$ cat target36.txt   # compact mmCIF, C-alpha atoms and all ligand atoms
# COMPACT_ATOMS: atom_id res chain seq x y z
CA MET A 130 -32.30 -22.14 -28.36
CA PRO A 131 -30.58 -20.13 -25.59
CA THR A 132 -28.14 -17.36 -26.47
CA TRP A 133 -25.63 -18.31 -23.80
CA VAL A 134 -24.79 -21.49 -21.93
CA ILE A 135 -22.56 -20.92 -18.90
CA THR A 136 -21.24 -24.07 -17.24
CA ASP A 137 -19.36 -24.90 -14.02
CA ALA A 138 -19.62 -21.51 -12.33
CA THR A 139 -19.27 -20.96 -8.56
CA THR A 140 -21.78 -18.70 -6.80
CA ILE A 141 -21.10 -16.41 -3.83
CA ASP A 142 -22.39 -19.09 -1.42
CA GLY A 143 -20.10 -21.72 -2.98
CA SER A 144 -22.66 -23.61 -5.08
CA SER A 145 -21.63 -24.91 -8.51
CA ILE A 146 -24.11 -24.09 -11.25
CA ASP A 147 -24.85 -24.23 -14.97
CA LEU A 148 -27.22 -21.72 -16.51
CA GLU A 149 -28.80 -20.76 -19.81
CA ILE A 150 -29.73 -17.28 -20.96
CA ASP A 151 -32.42 -16.86 -23.58
CA ASP A 152 -34.00 -13.66 -24.87
CA GLY A 153 -32.21 -11.61 -22.22
CA ARG A 154 -33.34 -13.69 -19.25
CA ILE A 155 -32.07 -16.66 -17.29
CA SER A 156 -34.12 -19.47 -18.77
CA ARG A 157 -32.58 -22.37 -16.88
CA LEU A 158 -30.44 -22.65 -13.74
CA GLU A 159 -29.28 -26.09 -12.55
CA PRO A 160 -26.53 -27.69 -10.47
CA ALA A 161 -23.23 -27.91 -12.37
CA GLY A 162 -23.10 -30.85 -14.75
CA SER A 163 -26.83 -30.70 -15.56
CA ILE A 164 -26.65 -28.76 -18.84
CA ASP A 165 -24.96 -30.30 -21.87
CA PRO A 166 -23.52 -27.51 -24.02
CA ALA A 167 -23.38 -29.90 -26.99
CA ALA A 168 -27.18 -30.01 -26.93
CA ASN A 169 -27.19 -26.23 -27.55
CA SER A 170 -24.78 -26.02 -30.48
CA ASP A 171 -26.15 -22.68 -31.73
CA SER A 172 -25.53 -21.04 -28.36
CA THR A 173 -22.34 -19.41 -27.15
CA HIS A 174 -20.81 -21.73 -24.57
CA TYR A 175 -18.71 -20.25 -21.78
CA ASP A 176 -16.94 -22.76 -19.55
CA ALA A 177 -16.40 -20.88 -16.27
CA ASP A 178 -14.12 -23.72 -15.11
CA GLY A 179 -15.12 -23.25 -11.47
CA ARG A 180 -14.73 -19.44 -11.48
CA LEU A 181 -16.95 -17.14 -9.42
CA VAL A 182 -20.14 -15.83 -11.00
CA THR A 183 -22.32 -13.09 -9.49
CA PRO A 184 -25.24 -10.94 -10.61
CA PRO A 185 -24.04 -7.65 -12.14
CA LEU A 186 -22.55 -4.98 -9.89
CA SER A 187 -24.13 -1.54 -9.39
CA GLU A 188 -22.65 1.86 -8.57
CA PRO A 189 -25.17 3.61 -6.31
CA HIS A 190 -23.14 6.79 -5.73
CA VAL A 191 -20.64 8.58 -7.95
CA HIS A 192 -20.05 12.09 -9.33
CA LEU A 193 -19.43 11.69 -13.05
CA ASP A 194 -19.47 15.44 -13.76
CA ALA A 195 -16.29 15.77 -11.67
CA THR A 196 -14.67 12.46 -12.56
CA LEU A 197 -11.12 12.47 -13.97
CA THR A 198 -10.50 16.09 -12.96
CA ALA A 199 -8.06 15.33 -10.11
CA GLY A 200 -5.38 18.02 -10.08
CA GLU A 201 -7.46 20.50 -12.10
CA PRO A 202 -6.79 23.29 -11.41
CA THR A 203 -5.08 22.20 -8.18
CA TRP A 204 -4.73 19.08 -6.05
CA ASN A 205 -6.63 18.84 -2.78
CA GLU A 206 -3.60 18.98 -0.47
CA SER A 207 -5.45 19.26 2.86
CA GLY A 208 -7.62 16.27 1.96
CA THR A 209 -10.71 17.89 3.46
CA LEU A 210 -14.23 17.85 2.06
CA ALA A 211 -14.11 21.66 2.22
CA GLU A 212 -10.98 21.95 0.02
CA GLY A 213 -12.50 19.44 -2.39
CA ILE A 214 -15.60 21.62 -2.73
CA SER A 215 -13.38 24.69 -3.18
CA VAL A 216 -11.23 23.06 -5.91
CA TRP A 217 -14.39 21.86 -7.68
CA ALA A 218 -15.86 25.38 -7.44
CA ASP A 219 -12.86 26.58 -9.50
CA ARG A 220 -12.96 23.71 -11.98
CA LYS A 221 -16.69 23.85 -12.64
CA ARG A 222 -16.43 27.41 -13.93
CA SER A 223 -14.77 25.99 -17.07
CA LEU A 224 -17.11 23.05 -17.64
CA GLU A 225 -18.11 22.36 -21.23
CA ALA A 226 -20.50 19.68 -22.41
CA ASP A 227 -17.90 17.70 -24.38
CA ASP A 228 -15.44 17.95 -21.50
CA VAL A 229 -17.99 16.41 -19.11
CA LYS A 230 -19.22 13.77 -21.54
CA ASP A 231 -15.75 12.63 -22.57
CA ARG A 232 -14.61 12.15 -18.97
CA ALA A 233 -17.88 10.62 -17.78
CA GLU A 234 -18.12 8.23 -20.73
CA ARG A 235 -14.62 7.01 -20.02
CA ALA A 236 -15.52 6.31 -16.41
CA VAL A 237 -18.75 4.54 -17.49
CA GLU A 238 -16.66 2.27 -19.73
CA TRP A 239 -14.34 1.54 -16.81
CA TYR A 240 -17.37 0.66 -14.69
CA ALA A 241 -18.78 -1.65 -17.39
CA ALA A 242 -15.44 -3.45 -17.73
CA ASN A 243 -15.57 -3.96 -13.95
CA GLY A 244 -19.00 -5.60 -14.17
CA VAL A 245 -21.26 -2.61 -13.40
CA THR A 246 -24.55 -2.30 -15.31
CA ARG A 247 -26.32 0.33 -13.18
CA ILE A 248 -24.90 3.71 -12.13
CA ARG A 249 -26.42 6.54 -10.09
CA THR A 250 -24.45 9.73 -10.67
CA HIS A 251 -24.91 13.02 -8.90
CA ALA A 252 -24.74 16.17 -11.07
CA ASP A 253 -24.02 19.55 -9.52
CA THR A 254 -26.99 21.90 -9.97
CA THR A 255 -25.29 24.85 -8.27
CA GLU A 256 -23.24 25.32 -11.43
CA GLU A 257 -25.29 28.14 -12.94
CA THR A 258 -25.39 26.95 -16.58
CA LEU A 259 -26.31 23.35 -15.62
CA THR A 260 -23.74 22.30 -18.25
CA GLY A 261 -22.67 19.21 -16.34
CA LEU A 262 -26.21 18.08 -15.58
CA GLN A 263 -27.36 18.50 -19.18
CA ALA A 264 -24.26 16.68 -20.47
CA LEU A 265 -24.97 13.75 -18.16
CA LEU A 266 -28.63 13.66 -19.23
CA GLU A 267 -27.44 13.35 -22.84
CA LEU A 268 -24.86 10.76 -21.86
CA ARG A 269 -27.61 8.74 -20.13
CA GLU A 270 -29.00 7.96 -23.60
CA GLU A 271 -25.61 7.56 -25.29
CA VAL A 272 -24.36 4.86 -22.89
CA ALA A 273 -27.66 2.99 -22.72
CA ASP A 274 -25.98 0.10 -24.56
CA LEU A 275 -23.74 -0.43 -21.50
CA VAL A 276 -25.50 0.74 -18.36
CA ASP A 277 -28.67 2.16 -16.85
CA LEU A 278 -27.55 5.64 -15.81
CA GLU A 279 -29.55 7.64 -13.24
CA VAL A 280 -28.81 11.33 -12.77
CA VAL A 281 -29.36 12.99 -9.39
CA ALA A 282 -30.03 16.74 -9.32
CA PHE A 283 -27.47 17.56 -6.64
CA PRO A 284 -27.17 21.08 -5.16
CA GLN A 285 -23.51 20.71 -4.13
CA ASP A 286 -23.24 24.14 -2.50
CA GLY A 287 -26.62 23.95 -0.73
CA ILE A 288 -30.15 24.96 -1.76
CA PHE A 289 -30.58 28.06 0.41
CA THR A 290 -27.00 29.35 0.28
CA ASP A 291 -27.77 31.39 -2.85
CA GLU A 292 -31.08 32.68 -4.10
CA SER A 293 -30.59 30.99 -7.50
CA HIS A 294 -30.03 27.45 -6.23
CA GLU A 295 -33.64 26.40 -5.58
CA ASP A 296 -34.67 27.46 -9.08
CA LEU A 297 -31.69 25.61 -10.58
CA LEU A 298 -32.67 22.47 -8.69
CA ARG A 299 -36.24 22.71 -9.97
CA GLU A 300 -34.99 23.38 -13.51
CA ALA A 301 -32.79 20.27 -13.34
CA LEU A 302 -35.83 18.18 -12.43
CA GLU A 303 -37.84 19.76 -15.26
CA LEU A 304 -34.98 18.88 -17.63
CA GLY A 305 -35.35 15.23 -16.65
CA ALA A 306 -33.06 14.48 -13.72
CA ASP A 307 -34.08 11.11 -12.30
CA VAL A 308 -33.54 11.72 -8.59
CA VAL A 309 -33.80 14.67 -6.13
CA GLY A 310 -30.57 15.42 -4.26
CA GLY A 311 -29.54 17.64 -1.37
CA ILE A 312 -26.81 18.33 1.16
CA PRO A 313 -28.40 19.64 4.38
CA HIS A 314 -25.14 19.73 6.38
CA ASN A 315 -23.74 22.20 3.82
CA GLU A 316 -26.55 24.72 4.34
CA HIS A 317 -25.65 27.76 6.45
CA THR A 318 -27.83 26.94 9.44
CA ARG A 319 -29.54 24.00 11.13
CA GLU A 320 -32.89 25.53 10.16
CA ASP A 321 -31.94 25.79 6.48
CA GLY A 322 -30.69 22.19 6.59
CA VAL A 323 -34.04 20.96 7.91
CA ALA A 324 -35.86 23.07 5.32
CA SER A 325 -33.68 21.60 2.56
CA VAL A 326 -34.66 18.06 3.56
CA GLU A 327 -38.35 19.04 3.58
CA LEU A 328 -38.03 20.73 0.18
CA ALA A 329 -36.29 17.69 -1.34
CA MET A 330 -39.12 15.48 -0.09
CA ASP A 331 -41.74 17.94 -1.42
CA LEU A 332 -40.07 17.88 -4.84
CA ALA A 333 -39.84 14.09 -4.77
CA GLU A 334 -43.58 13.85 -4.15
CA HIS A 335 -44.40 16.55 -6.71
CA TYR A 336 -42.31 15.02 -9.50
CA GLY A 337 -42.73 11.37 -8.45
CA ARG A 338 -38.96 10.84 -8.16
CA PRO A 339 -36.69 9.13 -5.63
CA VAL A 340 -34.63 11.14 -3.13
CA ASP A 341 -30.92 10.63 -2.47
CA LEU A 342 -29.30 13.11 -0.09
CA HIS A 343 -25.70 13.62 0.90
CA ILE A 344 -26.47 13.77 4.57
CA ASP A 345 -24.44 14.25 7.73
CA GLU A 346 -21.19 13.78 5.79
CA THR A 347 -19.10 15.25 8.57
CA ASP A 348 -17.40 14.19 11.79
CA ASP A 349 -19.59 16.65 13.72
CA PRO A 350 -21.80 14.73 16.16
CA GLY A 351 -24.07 17.78 16.16
CA SER A 352 -24.98 17.23 12.50
CA ARG A 353 -28.40 15.61 12.86
CA PHE A 354 -30.30 15.67 9.58
CA THR A 355 -30.64 11.91 9.06
CA GLU A 356 -33.32 11.88 11.78
CA VAL A 357 -35.23 14.52 9.81
CA LEU A 358 -34.99 12.54 6.57
CA ALA A 359 -36.12 9.30 8.20
CA SER A 360 -38.96 11.06 10.01
CA GLU A 361 -40.18 12.74 6.80
CA ALA A 362 -39.99 9.38 4.98
CA ILE A 363 -42.17 7.81 7.67
CA LYS A 364 -44.74 10.64 7.65
CA ARG A 365 -45.00 10.61 3.86
CA ALA A 366 -44.72 6.79 3.56
CA ILE A 367 -42.09 7.05 0.79
CA GLY A 368 -39.12 5.43 2.54
CA ASP A 369 -38.80 2.80 -0.18
CA ARG A 370 -37.55 5.47 -2.60
CA VAL A 371 -35.33 7.42 -0.23
CA THR A 372 -31.56 6.99 0.17
CA ALA A 373 -29.34 8.49 2.87
CA SER A 374 -25.80 8.76 1.49
CA HIS A 375 -22.74 8.91 3.75
CA THR A 376 -24.26 9.51 7.27
CA THR A 377 -20.68 9.59 8.55
CA ALA A 378 -21.62 11.70 11.59
CA MET A 379 -23.28 8.55 12.96
CA HIS A 380 -19.72 7.34 13.62
CA SER A 381 -19.35 10.14 16.16
CA TYR A 382 -22.84 10.24 17.67
CA PRO A 383 -23.23 9.19 21.30
CA ASN A 384 -24.40 5.57 21.32
CA SER A 385 -27.80 6.43 22.74
CA TYR A 386 -28.53 8.91 19.95
CA ALA A 387 -27.10 6.60 17.26
CA ALA A 388 -29.50 3.90 18.47
CA LYS A 389 -32.43 6.27 18.02
CA VAL A 390 -31.42 7.22 14.46
CA THR A 391 -30.77 3.58 13.56
CA SER A 392 -34.23 2.65 14.78
CA LEU A 393 -35.81 5.52 12.82
CA LEU A 394 -33.99 4.45 9.65
CA ALA A 395 -35.14 0.86 10.11
CA ASP A 396 -38.75 1.98 10.61
CA SER A 397 -38.59 4.29 7.61
CA GLY A 398 -37.31 1.80 5.01
CA VAL A 399 -34.67 4.33 3.95
CA ASP A 400 -31.51 2.76 2.44
CA VAL A 401 -28.06 3.92 3.49
CA ILE A 402 -25.07 4.16 1.15
CA THR A 403 -21.58 4.28 2.61
CA ASN A 404 -18.73 5.51 0.41
CA PRO A 405 -15.47 3.97 1.61
CA PRO A 406 -12.84 5.47 -0.72
CA ASP A 407 -13.82 9.09 -0.10
CA ASN A 408 -14.73 8.80 3.55
CA ALA A 409 -11.51 6.92 4.32
CA VAL A 410 -9.55 10.02 3.33
CA LEU A 411 -11.99 12.88 4.04
CA GLN A 412 -13.01 12.03 7.60
CA GLY A 413 -10.96 12.72 10.70
CA ARG A 414 -9.10 15.58 9.01
CA TYR A 415 -9.74 17.99 11.88
CA ASP A 416 -8.74 15.47 14.56
CA ASP A 417 -5.59 15.30 16.60
CA TYR A 418 -4.58 11.74 17.43
CA PRO A 419 -6.44 9.46 17.75
CA ARG A 420 -8.09 10.13 14.37
CA ARG A 421 -11.61 8.88 13.77
CA ARG A 422 -12.32 6.57 10.87
CA GLY A 423 -15.63 8.24 10.13
CA HIS A 424 -17.61 5.53 8.36
CA THR A 425 -21.24 5.16 9.27
CA ARG A 426 -22.30 2.40 11.69
CA ILE A 427 -22.63 -0.35 9.11
CA ASP A 428 -22.84 -3.30 11.50
CA GLU A 429 -25.44 -1.67 13.75
CA LEU A 430 -27.55 -0.52 10.82
CA GLN A 431 -27.51 -3.98 9.24
CA ALA A 432 -28.35 -5.63 12.57
CA ALA A 433 -31.42 -3.36 12.76
CA GLY A 434 -32.51 -4.42 9.26
CA VAL A 435 -31.41 -1.31 7.33
CA THR A 436 -30.18 -2.00 3.79
CA VAL A 437 -26.63 -0.62 3.50
CA GLY A 438 -24.96 -0.41 0.10
CA LEU A 439 -21.54 0.88 -0.82
CA GLY A 440 -20.43 3.35 -3.45
CA HIS A 441 -17.15 4.60 -4.85
CA ASP A 442 -18.31 8.26 -4.72
CA SER A 443 -15.32 9.65 -6.59
CA VAL A 444 -13.11 8.40 -9.39
CA MET A 445 -10.11 10.73 -9.69
CA ASP A 446 -11.70 14.00 -8.61
CA PRO A 447 -10.93 16.72 -6.01
CA TRP A 448 -12.30 14.60 -3.14
CA TYR A 449 -10.53 11.34 -3.98
CA HIS A 450 -7.62 11.31 -6.41
CA TYR A 451 -7.41 7.56 -6.95
CA GLY A 452 -9.68 4.84 -8.30
CA CYS A 453 -10.46 2.74 -11.37
CA ALA A 454 -14.26 2.72 -11.05
CA ASP A 455 -14.20 -0.71 -9.43
CA PRO A 456 -16.76 -1.48 -6.69
CA LEU A 457 -14.43 -4.23 -5.44
CA ASP A 458 -11.83 -1.57 -4.63
CA ALA A 459 -14.47 0.26 -2.57
CA ALA A 460 -15.33 -2.97 -0.75
CA PHE A 461 -11.62 -3.67 -0.15
CA VAL A 462 -11.19 -0.27 1.51
CA LEU A 463 -14.34 -0.80 3.56
CA LEU A 464 -13.34 -4.20 4.89
CA HIS A 465 -10.26 -2.56 6.44
CA TYR A 466 -11.84 0.65 7.72
CA ALA A 467 -15.04 -0.97 9.03
CA HIS A 468 -13.27 -3.92 10.66
CA MET A 469 -15.02 -6.31 8.27
CA SER A 470 -12.09 -8.69 7.90
CA GLY A 471 -13.73 -11.82 9.34
CA ARG A 472 -14.53 -14.78 7.17
CA GLY A 473 -18.24 -14.24 7.75
CA ASP A 474 -17.91 -10.67 6.48
CA VAL A 475 -17.08 -11.90 2.96
CA GLU A 476 -20.70 -12.79 2.28
CA VAL A 477 -21.89 -9.53 3.91
CA LEU A 478 -19.63 -7.49 1.62
CA TRP A 479 -20.85 -9.32 -1.47
CA GLU A 480 -24.45 -8.84 -0.34
CA MET A 481 -23.71 -5.11 -0.16
CA LEU A 482 -22.03 -5.13 -3.59
CA THR A 483 -24.88 -6.98 -5.26
CA THR A 484 -28.38 -7.06 -3.72
CA ALA A 485 -28.08 -4.00 -1.47
CA ASN A 486 -26.63 -1.78 -4.20
CA ALA A 487 -29.19 -2.99 -6.74
CA SER A 488 -32.02 -2.08 -4.33
CA VAL A 489 -31.29 1.62 -4.93
CA PHE A 490 -32.38 1.09 -8.54
CA ASP A 491 -35.55 -0.23 -10.13
CA ALA A 492 -34.16 -3.76 -10.41
CA SER A 493 -37.05 -6.06 -9.59
CA GLU A 494 -35.73 -8.92 -11.78
CA TYR A 495 -32.23 -8.76 -10.35
CA GLY A 496 -30.31 -11.87 -9.31
CA LEU A 497 -29.12 -15.26 -10.48
CA VAL A 498 -32.55 -16.91 -10.41
CA ASP A 499 -34.64 -18.76 -12.94
CA GLY A 500 -36.52 -16.09 -14.90
CA GLY A 501 -34.27 -13.28 -13.64
CA GLU A 502 -32.47 -10.79 -15.88
CA GLY A 503 -29.77 -12.46 -17.99
CA SER A 504 -26.98 -10.37 -16.53
CA LEU A 505 -23.91 -11.70 -14.74
CA VAL A 506 -20.22 -11.27 -14.08
CA VAL A 507 -17.55 -13.99 -14.17
CA TYR A 508 -14.35 -13.32 -12.21
CA ASP A 509 -10.90 -14.82 -12.70
CA ALA A 510 -11.06 -16.27 -9.17
CA PRO A 511 -12.30 -19.54 -7.69
CA ASP A 512 -14.59 -18.01 -5.05
CA ALA A 513 -16.01 -14.86 -3.46
CA PHE A 514 -13.16 -14.49 -0.95
CA ASN A 515 -10.37 -14.67 -3.52
CA ALA A 516 -12.21 -12.43 -5.97
CA LEU A 517 -12.35 -9.73 -3.29
CA ARG A 518 -8.81 -10.39 -2.04
CA THR A 519 -7.31 -9.94 -5.52
CA ARG A 520 -10.01 -7.66 -7.00
CA ALA A 521 -9.96 -10.26 -9.74
CA PRO A 522 -10.37 -9.36 -13.43
CA ARG A 523 -13.91 -9.65 -14.78
CA THR A 524 -13.45 -12.19 -17.57
CA LEU A 525 -17.05 -11.91 -18.82
CA VAL A 526 -19.80 -9.33 -18.26
CA LEU A 527 -23.28 -10.02 -19.65
CA ARG A 528 -26.16 -7.54 -19.55
CA GLU A 529 -29.56 -8.94 -20.42
CA GLY A 530 -27.99 -11.61 -22.58
CA ARG A 531 -25.52 -9.32 -24.36
CA GLU A 532 -21.78 -9.36 -23.77
CA ILE A 533 -20.77 -5.82 -22.77
CA ALA A 534 -17.20 -6.43 -21.57
CA ARG A 535 -14.50 -9.03 -21.24
CA THR A 536 -11.00 -9.01 -19.74
CA GLU A 537 -8.06 -11.25 -20.55
CA PRO A 538 -6.23 -11.69 -17.23
CA ALA A 539 -2.59 -10.63 -17.29
CA SER A 540 0.01 -13.36 -17.07
CA ALA A 541 2.79 -12.89 -14.53
CA GLN A 542 5.98 -14.83 -14.08
CA VAL A 543 9.05 -14.75 -11.90
CA VAL A 544 12.45 -15.54 -13.30
CA ARG A 545 14.16 -18.12 -11.11
CA GLU A 546 17.80 -19.26 -11.13
CA ASP A 547 18.17 -23.01 -11.55
CA ASP A 548 21.67 -24.51 -11.95
CA GLY A 549 22.89 -21.20 -13.36
CA GLU A 550 20.00 -21.04 -15.84
CA SER A 551 17.22 -18.46 -15.83
CA VAL A 552 13.86 -20.21 -15.78
CA ASP A 553 10.49 -18.49 -16.23
CA LYS A 554 7.92 -19.64 -13.67
CA PRO A 555 4.27 -18.60 -14.14
CA ILE A 556 2.62 -17.05 -11.10
CA ASP A 557 -1.04 -17.45 -10.16
CA PHE A 558 -2.22 -15.03 -7.48
CA GLN A 559 -5.35 -17.11 -6.82
CA ARG A 560 -5.28 -19.63 -3.99
FE FE2 A 601 -21.01 12.08 -3.07
$ encode --input "target36.txt" --output "structure tokens"
Amino acid sequence: MPTWVITDATTIDGSSIDLEIDDGRISRLEPAGSIDPAANSDSTHYDADGRLVTPPLSEPHVHLDATLTAGEPTWNESGTLAEGISVWADRKRSLEADDVKDRAERAVEWYAANGVTRIRTHADTTEETLTGLQALLELREEVADLVDLEVVAFPQDGIFTDESHEDLLREALELGADVVGGIPHNEHTREDGVASVELAMDLAEHYGRPVDLHIDETDDPGSRFTEVLASEAIKRAIGDRVTASHTTAMHSYPNSYAAKVTSLLADSGVDVITNPPDNAVLQGRYDDYPRRRGHTRIDELQAAGVTVGLGHDSVMDPWYHYGCADPLDAAFVLLHYAHMSGRGDVEVLWEMLTTANASVFDASEYGLVDGGEGSLVVYDAPDAFNALRTRAPRTLVLREGREIARTEPASAQVVREDDGESVDKPIDFQR
């Protein structure tokens, strides 16, 4: 007997489906009207009533050690990446384990309520006590009932900018960090940046871990480390476990050079993660008018066959003060800043939110398919377009057959005047 029977749900491509979940997996998936819930009286029946259903969402890039610290000790008034790093440098001196865990756990719960079951968080390893990293490693186990949490050993201030940073990075990996991080454009010189990419790849091979670098997160067209990362991935044949995060400098590269890097990325199998909320406010800060948008070349990368996912990056921290840990908010920002407002872009954005983001993780049984993991999200919206337009509430979130979150949509009404009488009229924002 299945655990769950979901009927009359609408998929991203507009199909109407029924499905059963048994023992944590999708055990049956049929056109709507095929499954009789009355025949499964011991199961929990959820009538989606035509609402959108998708596989679970993933967060491929966030900084949970810094989350919910916006304004501490000061707000980032210039809006630059550099001031964000400076504010964080002050705040991280007072990190304590409970402080990090309390804030990060709250953000994880926000993510789960928004339909996220996988999160990759970076943890700053240039904080000399590794308090934040160790707190997030502990939290990884404590939130295992909600999400798969991956922790990236991330040398925020650079690996070669201080003689202690390489040892701290290695210690973080020894302590159990899941992924090797780096930030070559924040090293002092081009040569140190290249060396930092090579070291990250050496460590990834030595420890058998994936690599996820903040890379070329600048408007400087002279910042050219993505070519090094892709080249190293090709030489070492490990592109399937390498992620290039941000690559915003590609926005400003000459077209001929951008085409070369795009081709290298496609050949390497390296995934790219763009981070719309942060890069919408961090990029172009040194420009006079016109100001560059600064997102990576999403359309060109996708046309070349590169998998491009999208992350939130920050939830209320010194780099981005806003956010509710909702990937749909990130997609909503991206569709404006990347000119992805066409009708055909709706499916592209959902592909990024679902399959592309999940590809960063070990998610081989991902997707609404017979035999796939019994994880899904139901939205209070009739289709993929309206769910994105309204960032619709997630009415049901299942993870491997277990309900991990639900939301009761708010009811809104306007008060109309009718023959001198006030009359409440319910409002439905869906179309
Ligand atoms: Fe980041």
$ atom_distance --input "target36.txt" --atom1 "atom CA of Lys554 of chain A" --atom2 "atom CA of Val507 of chain A"
26.1 Å
$ residues_around --input "target36.txt" --residues "Ile135 of chain A" --least-positions-apart "3" --cutoff "12 Å" --atoms "all atoms listed in the file" --output "ChimeraX atom specification"
/A:131-132,138-139,145-151,155-166,169,172-182,503-507,525-527,530
$ residues_around --input "target36.txt" --residues "segment 294-304 of chain A" --least-positions-apart "3" --cutoff "10 Å" --atoms "only C-alpha atoms" --output "PyMOL selection string"
chain A and resi 252-259+262-263+266+280-291+307-311+325+328-329+332-333+336+338
$ atom_distance --input "target36.txt" --atom1 "atom CA of His251 of chain A" --atom2 "atom CA of Ala388 of chain A"
29.2 Å
$ residues_near_ligand --input "target36.txt" --ligand "ligand FE2 601 (chain A)" --cutoff "7 Å" --atoms "all atoms listed in the file" --output "list of chain:residue names"
A:His190, A:Val191, A:His192, A:His343, A:Asp442
$ atom_distance --input "target36.txt" --atom1 "atom CA of Ala409 of chain A" --atom2 "atom CA of Val237 of chain A"
23.1 Å
$ closest_residue --input "target36.txt" --among "A:Leu439, A:Leu186, A:Ala218, A:Ala168" --to "Gly496 of chain A" --atoms "only C-alpha atoms"
A:Leu186
$ residues_around --input "target36.txt" --residues "segment 344-350 of chain A" --least-positions-apart "3" --cutoff "9 Å" --atoms "all atoms listed in the file" --output "JSON, numbers by chain"
{"A": [210, 311, 312, 313, 314, 315, 341, 353, 354, 355, 358, 373, 374, 375, 376, 377, 378, 379, 380, 381, 382, 383, 408, 411, 412, 413, 414, 415, 421, 423]}
$ residues_around --input "target36.txt" --residues "segment 446-455 of chain A" --least-positions-apart "2" --cutoff "10 Å" --atoms "all atoms listed in the file" --output "number ranges by chain"
A: 186-188, 191-206, 208-217, 220, 235-245, 406-411, 440-444, 457-460, 520
$ residues_around --input "target36.txt" --residues "Ala433 of chain A" --least-positions-apart "4" --cutoff "9 Å" --atoms "all atoms listed in the file" --output "list of chain:residue names"
A:Thr391, A:Ser392, A:Leu394, A:Ala395, A:Asp428, A:Glu429
$ decode --input "target36.txt" --residues "segment 491-495 of chain A" --atoms "all heavy atoms" --output "PDB file, in the first residue's frame"
ATOM      1  N   ASP A 491      24.789  14.763  -5.561  1.00  0.00           N
ATOM      2  CA  ASP A 491      24.684  13.355  -5.926  1.00  0.00           C
ATOM      3  C   ASP A 491      23.203  12.991  -5.885  1.00  0.00           C
ATOM      4  O   ASP A 491      22.688  12.571  -4.856  1.00  0.00           O
ATOM      5  CB  ASP A 491      25.480  12.507  -4.924  1.00  0.00           C
ATOM      6  CG  ASP A 491      25.405  11.029  -5.262  1.00  0.00           C
ATOM      7  OD1 ASP A 491      25.004  10.714  -6.396  1.00  0.00           O
ATOM      8  OD2 ASP A 491      25.736  10.212  -4.393  1.00  0.00           O
ATOM      9  N   ALA A 492      22.509  13.211  -6.998  1.00  0.00           N
ATOM     10  CA  ALA A 492      21.060  13.063  -7.024  1.00  0.00           C
ATOM     11  C   ALA A 492      20.660  12.218  -8.235  1.00  0.00           C
ATOM     12  O   ALA A 492      19.875  12.631  -9.085  1.00  0.00           O
ATOM     13  CB  ALA A 492      20.396  14.436  -7.072  1.00  0.00           C
ATOM     14  N   SER A 493      21.172  11.013  -8.294  1.00  0.00           N
ATOM     15  CA  SER A 493      20.974  10.186  -9.480  1.00  0.00           C
ATOM     16  C   SER A 493      19.524   9.716  -9.636  1.00  0.00           C
ATOM     17  O   SER A 493      19.111   9.340 -10.733  1.00  0.00           O
ATOM     18  CB  SER A 493      21.905   8.966  -9.423  1.00  0.00           C
ATOM     19  OG  SER A 493      21.665   8.234  -8.237  1.00  0.00           O
ATOM     20  N   GLU A 494      18.732   9.719  -8.555  1.00  0.00           N
ATOM     21  CA  GLU A 494      17.340   9.259  -8.656  1.00  0.00           C
ATOM     22  C   GLU A 494      16.371  10.427  -8.622  1.00  0.00           C
ATOM     23  O   GLU A 494      15.210  10.297  -8.256  1.00  0.00           O
ATOM     24  CB  GLU A 494      17.050   8.273  -7.523  1.00  0.00           C
ATOM     25  CG  GLU A 494      17.833   6.986  -7.720  1.00  0.00           C
ATOM     26  CD  GLU A 494      17.859   6.100  -6.491  1.00  0.00           C
ATOM     27  OE1 GLU A 494      17.498   6.594  -5.413  1.00  0.00           O
ATOM     28  OE2 GLU A 494      18.233   4.937  -6.635  1.00  0.00           O
ATOM     29  N   TYR A 495      16.862  11.590  -9.030  1.00  0.00           N
ATOM     30  CA  TYR A 495      16.074  12.814  -8.988  1.00  0.00           C
ATOM     31  C   TYR A 495      15.048  12.845 -10.110  1.00  0.00           C
ATOM     32  O   TYR A 495      15.300  12.379 -11.221  1.00  0.00           O
ATOM     33  CB  TYR A 495      17.018  14.012  -9.121  1.00  0.00           C
ATOM     34  CG  TYR A 495      16.350  15.351  -9.061  1.00  0.00           C
ATOM     35  CD1 TYR A 495      16.058  15.949  -7.844  1.00  0.00           C
ATOM     36  CD2 TYR A 495      15.996  16.026 -10.226  1.00  0.00           C
ATOM     37  CE1 TYR A 495      15.440  17.179  -7.787  1.00  0.00           C
ATOM     38  CE2 TYR A 495      15.371  17.261 -10.177  1.00  0.00           C
ATOM     39  CZ  TYR A 495      15.100  17.841  -8.950  1.00  0.00           C
ATOM     40  OH  TYR A 495      14.489  19.059  -8.898  1.00  0.00           O
TER      41      TYR A 495
END
